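Have a look at the structure below, then the notes.
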Amino acid sequence: MNDGDIRRVPAALAAILEDTGRLGFTMASEPKTGSLLRSFAAAKPGGRFLELGTGTGVGTAWLLDGMDATSRLDSVDNESKVQDVARHHLGRDPRVTFHCTDGAAFLARQPSRQFDLVYADAWPGKFDHLGPALDLVAPGGIYFIDDLLPQPNWPEGHAPKVEALVRDLDNRKEFAATRLAWASGLMILVRVS
Ligand SMILES: C[S@@+](CC[C@H](N)C(=O)[O-])C[C@H]1O[C@@H](n2cnc3c(N)ncnc32)[C@H](O)[C@@H]1O
């Protein structure tokens, strides 16, 4: 099996990737991660999903591709220049709401346990404000992060922060955690209590 042979990609993906390249945005999710996001979304009919860090909308497109008609997605980024690419290609889909705001401020406004999936792909909700992000995950819901294997764009001193985050997540008794050395390095937590 070639696990990189990912078929049936979202319709908007090619155009989003073209604009992503034109902008020089290098932090977009890779196809394996996107494919897994789509499967998570498909597993939660009528689900409520949160993406922290829209970027140009690559992960957003994969999530929308797995969501049914009654599911809803909130996607948050504080950079309008990159998020505008996502708005342009995906903004007509009534299932998604884009929020151009600071991730930490957004987290502070949300009631607990309301999301079936939190894809924490920005600093807030991952390396800071982790507790508030985990608090939003509903019972049986998923907290998902990527970029846990060394990446060429990691700044000096980032590796110990990643190690500490993985250890912290593993120790959270209210979640069942799985580390996956696949794609950019993933961690999947499911709320068990
Ligand atoms: C790794 S990229 C997101 C990639 C996207 N999820 C995807 O699937 O392609 C991280 C994003 O987080 C955004 N970001 C950084 N700091 C933020 C903050 N404090 N609040 C909200 N978004 C932030 C950046 O502008 C960037 O677009």
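We label chains A, B, ... in the order they appear in the structure tokens, count residues from 1 in each chain, and number ligands from 1 in the order shown.
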Test item: residues no farther than 7 Å from ligand 1, counting only C-alpha atoms and all ligand atoms, as a ChimeraX atom specification: /A:27-29,51-60,76-79,82,101-104,121-124
For the residues in the current selection, export C-alpha atoms as a PDB file, in the first residue's frame.
```pdb
ATOM      1  CA  MET A  27       2.548  26.435   6.555  1.00  0.00           C
ATOM      2  CA  ALA A  28      -0.368  24.747   4.778  1.00  0.00           C
ATOM      3  CA  SER A  29      -1.367  21.247   5.900  1.00  0.00           C
ATOM      4  CA  GLU A  51      -9.924  25.026  13.272  1.00  0.00           C
ATOM      5  CA  LEU A  52      -7.472  27.309  15.057  1.00  0.00           C
ATOM      6  CA  GLY A  53      -5.280  28.733  12.275  1.00  0.00           C
ATOM      7  CA  THR A  54      -7.125  28.892   8.959  1.00  0.00           C
ATOM      8  CA  GLY A  55      -4.031  29.735   6.924  1.00  0.00           C
ATOM      9  CA  THR A  56      -5.144  29.783   3.298  1.00  0.00           C
ATOM     10  CA  GLY A  57      -7.878  27.199   3.872  1.00  0.00           C
ATOM     11  CA  VAL A  58      -6.204  23.912   2.996  1.00  0.00           C
ATOM     12  CA  GLY A  59      -7.313  22.120   6.188  1.00  0.00           C
ATOM     13  CA  THR A  60     -10.640  23.922   5.965  1.00  0.00           C
ATOM     14  CA  VAL A  76      -9.977  31.294  13.141  1.00  0.00           C
ATOM     15  CA  ASP A  77      -6.912  33.233  12.004  1.00  0.00           C
ATOM     16  CA  ASN A  78      -5.510  36.644  12.889  1.00  0.00           C
ATOM     17  CA  GLU A  79      -3.964  37.269   9.435  1.00  0.00           C
ATOM     18  CA  VAL A  82      -3.946  34.503   4.242  1.00  0.00           C
ATOM     19  CA  THR A 101      -9.360  37.436  15.325  1.00  0.00           C
ATOM     20  CA  ASP A 102      -6.750  36.325  17.826  1.00  0.00           C
ATOM     21  CA  GLY A 103      -7.090  32.627  18.623  1.00  0.00           C
ATOM     22  CA  ALA A 104      -6.708  33.132  22.385  1.00  0.00           C
ATOM     23  CA  ASP A 121      -3.043  24.540  14.131  1.00  0.00           C
ATOM     24  CA  ALA A 122      -1.911  27.904  15.536  1.00  0.00           C
ATOM     25  CA  TRP A 123       0.136  28.844  18.592  1.00  0.00           C
ATOM     26  CA  PRO A 124      -2.942  29.549  20.780  1.00  0.00           C
TER      27      PRO A 124
END
```
Fewer than 6 positions away in the same chain doesn't count, so skip those; otherwise give me all residues within 8 Å of segment 105-108 of chain A, counting only C-alpha atoms, as a compact mmCIF listing (two decimals) with N, CA and C atoms, in the first residue's frame.
```txt
# COMPACT_ATOMS: atom_id res chain seq x y z
N VAL A 76 -10.47 30.05 12.53
CA VAL A 76 -9.98 31.29 13.14
C VAL A 76 -8.54 31.57 12.69
N GLY A 125 -3.95 27.56 21.68
CA GLY A 125 -4.68 26.29 21.59
C GLY A 125 -3.74 25.12 21.49
N PRO A 132 -7.72 25.96 27.74
CA PRO A 132 -8.99 26.43 27.16
C PRO A 132 -9.38 25.70 25.88
N ALA A 133 -8.41 25.30 25.07
CA ALA A 133 -8.74 24.57 23.83
C ALA A 133 -9.24 23.17 24.16
```
Secondary structure check, helix (DSSP H, G or I) residues of chain A, as a PyMOL selection string: chain A and resi 13-23+31-42+58-66+80-90+103-108+130-135+158-170
Backbone DSSP call of strand (DSSP E or B) for chain A, listed as a PyMOL selection string: chain A and resi 48-52+72-77+96-100+115-120+124+128+137-145+175-180+186-191
Within 10 Å of Ala11 of chain A using only C-alpha atoms, minus same-chain residues under 6 positions, as an NGL selection string: :A and (61-62 or 65 or 89)
Create the file for the chosen residues now, containing C-alpha atoms and written as a PDB file, in the first residue's frame.
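Contents of selection24.pdb, freshly written:
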```pdb
ATOM      1  CA  ALA A  61     -11.253  22.474   2.497  1.00  0.00           C
ATOM      2  CA  TRP A  62     -10.512  18.929   3.704  1.00  0.00           C
ATOM      3  CA  ASP A  65     -15.184  17.727   2.242  1.00  0.00           C
ATOM      4  CA  HIS A  89     -12.541  29.832  -2.340  1.00  0.00           C
TER       5      HIS A  89
END
```
All residues 12 Å or closer to Gly131 of chain A, only C-alpha atoms, same chain fewer than 3 positions away omitted, as a list in words: Ala104, Leu107, Ala108, Ser112, Ala120, Pro124, Gly125, Lys126, Phe127, Asp128, Leu134, Asp135, Leu136, Val137, Tyr143, Leu165, Asp168, Leu169, Arg172 and Glu174 of chain A
Only C-alpha atoms, please: the residues just picked out, written as a PDB file, in the first residue's frame.
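Done, and the output landed in result_19.pdb:
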```
ATOM      1  CA  ALA A 104      -6.708  33.132  22.385  1.00  0.00           C
ATOM      2  CA  LEU A 107     -11.100  30.603  22.870  1.00  0.00           C
ATOM      3  CA  ALA A 108     -11.935  32.817  25.841  1.00  0.00           C
ATOM      4  CA  SER A 112     -17.055  24.412  27.295  1.00  0.00           C
ATOM      5  CA  ALA A 120      -5.343  23.293  16.879  1.00  0.00           C
ATOM      6  CA  PRO A 124      -2.942  29.549  20.780  1.00  0.00           C
ATOM      7  CA  GLY A 125      -4.682  26.294  21.592  1.00  0.00           C
ATOM      8  CA  LYS A 126      -1.435  24.363  21.202  1.00  0.00           C
ATOM      9  CA  PHE A 127       1.688  25.915  22.734  1.00  0.00           C
ATOM     10  CA  ASP A 128      -0.300  28.368  24.795  1.00  0.00           C
ATOM     11  CA  LEU A 134      -9.005  21.127  25.457  1.00  0.00           C
ATOM     12  CA  ASP A 135     -11.918  22.360  27.551  1.00  0.00           C
ATOM     13  CA  LEU A 136     -13.950  22.918  24.357  1.00  0.00           C
ATOM     14  CA  VAL A 137     -13.799  19.254  23.294  1.00  0.00           C
ATOM     15  CA  TYR A 143      -8.341  17.286  19.827  1.00  0.00           C
ATOM     16  CA  LEU A 165       3.606  19.514  24.722  1.00  0.00           C
ATOM     17  CA  ASP A 168       1.717  17.142  28.741  1.00  0.00           C
ATOM     18  CA  LEU A 169      -0.977  15.780  26.408  1.00  0.00           C
ATOM     19  CA  ARG A 172      -4.100  14.257  30.544  1.00  0.00           C
ATOM     20  CA  GLU A 174      -9.471  12.831  30.626  1.00  0.00           C
TER      21      GLU A 174
END
```
Spatial neighbours of Val190 of chain A, max dist 7 Å, only C-alpha atoms, sep filter under 2 positions, as an MDAnalysis selection string: chainID A and resid 140:143 175:177 188 192
Selection file, C-alpha atoms, as a compact mmCIF listing (two decimals), in the first residue's frame:
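Below is the file part.txt, written as the result:
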```txt
# COMPACT_ATOMS: atom_id res chain seq x y z
CA GLY A 140 -16.08 11.51 22.52
CA GLY A 141 -14.69 14.51 20.66
CA ILE A 142 -11.20 14.88 19.22
CA TYR A 143 -8.34 17.29 19.83
CA PHE A 175 -8.20 11.99 27.11
CA ALA A 176 -7.08 8.83 25.30
CA ALA A 177 -3.99 9.93 23.38
CA ILE A 188 -4.93 12.51 18.38
CA VAL A 192 -13.08 9.95 27.59
```
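Here atom CA of Ala183 of chain A is placed at a distance of 7.3 Å from atom CA of Glu30 of chain A.
Residue nearest Val118 of chain A within the list A:Asp5, A:Asp93, A:Asp68, A:Asp74: A:Asp74 [criterion: smallest interatomic distance, only C-alpha atoms].
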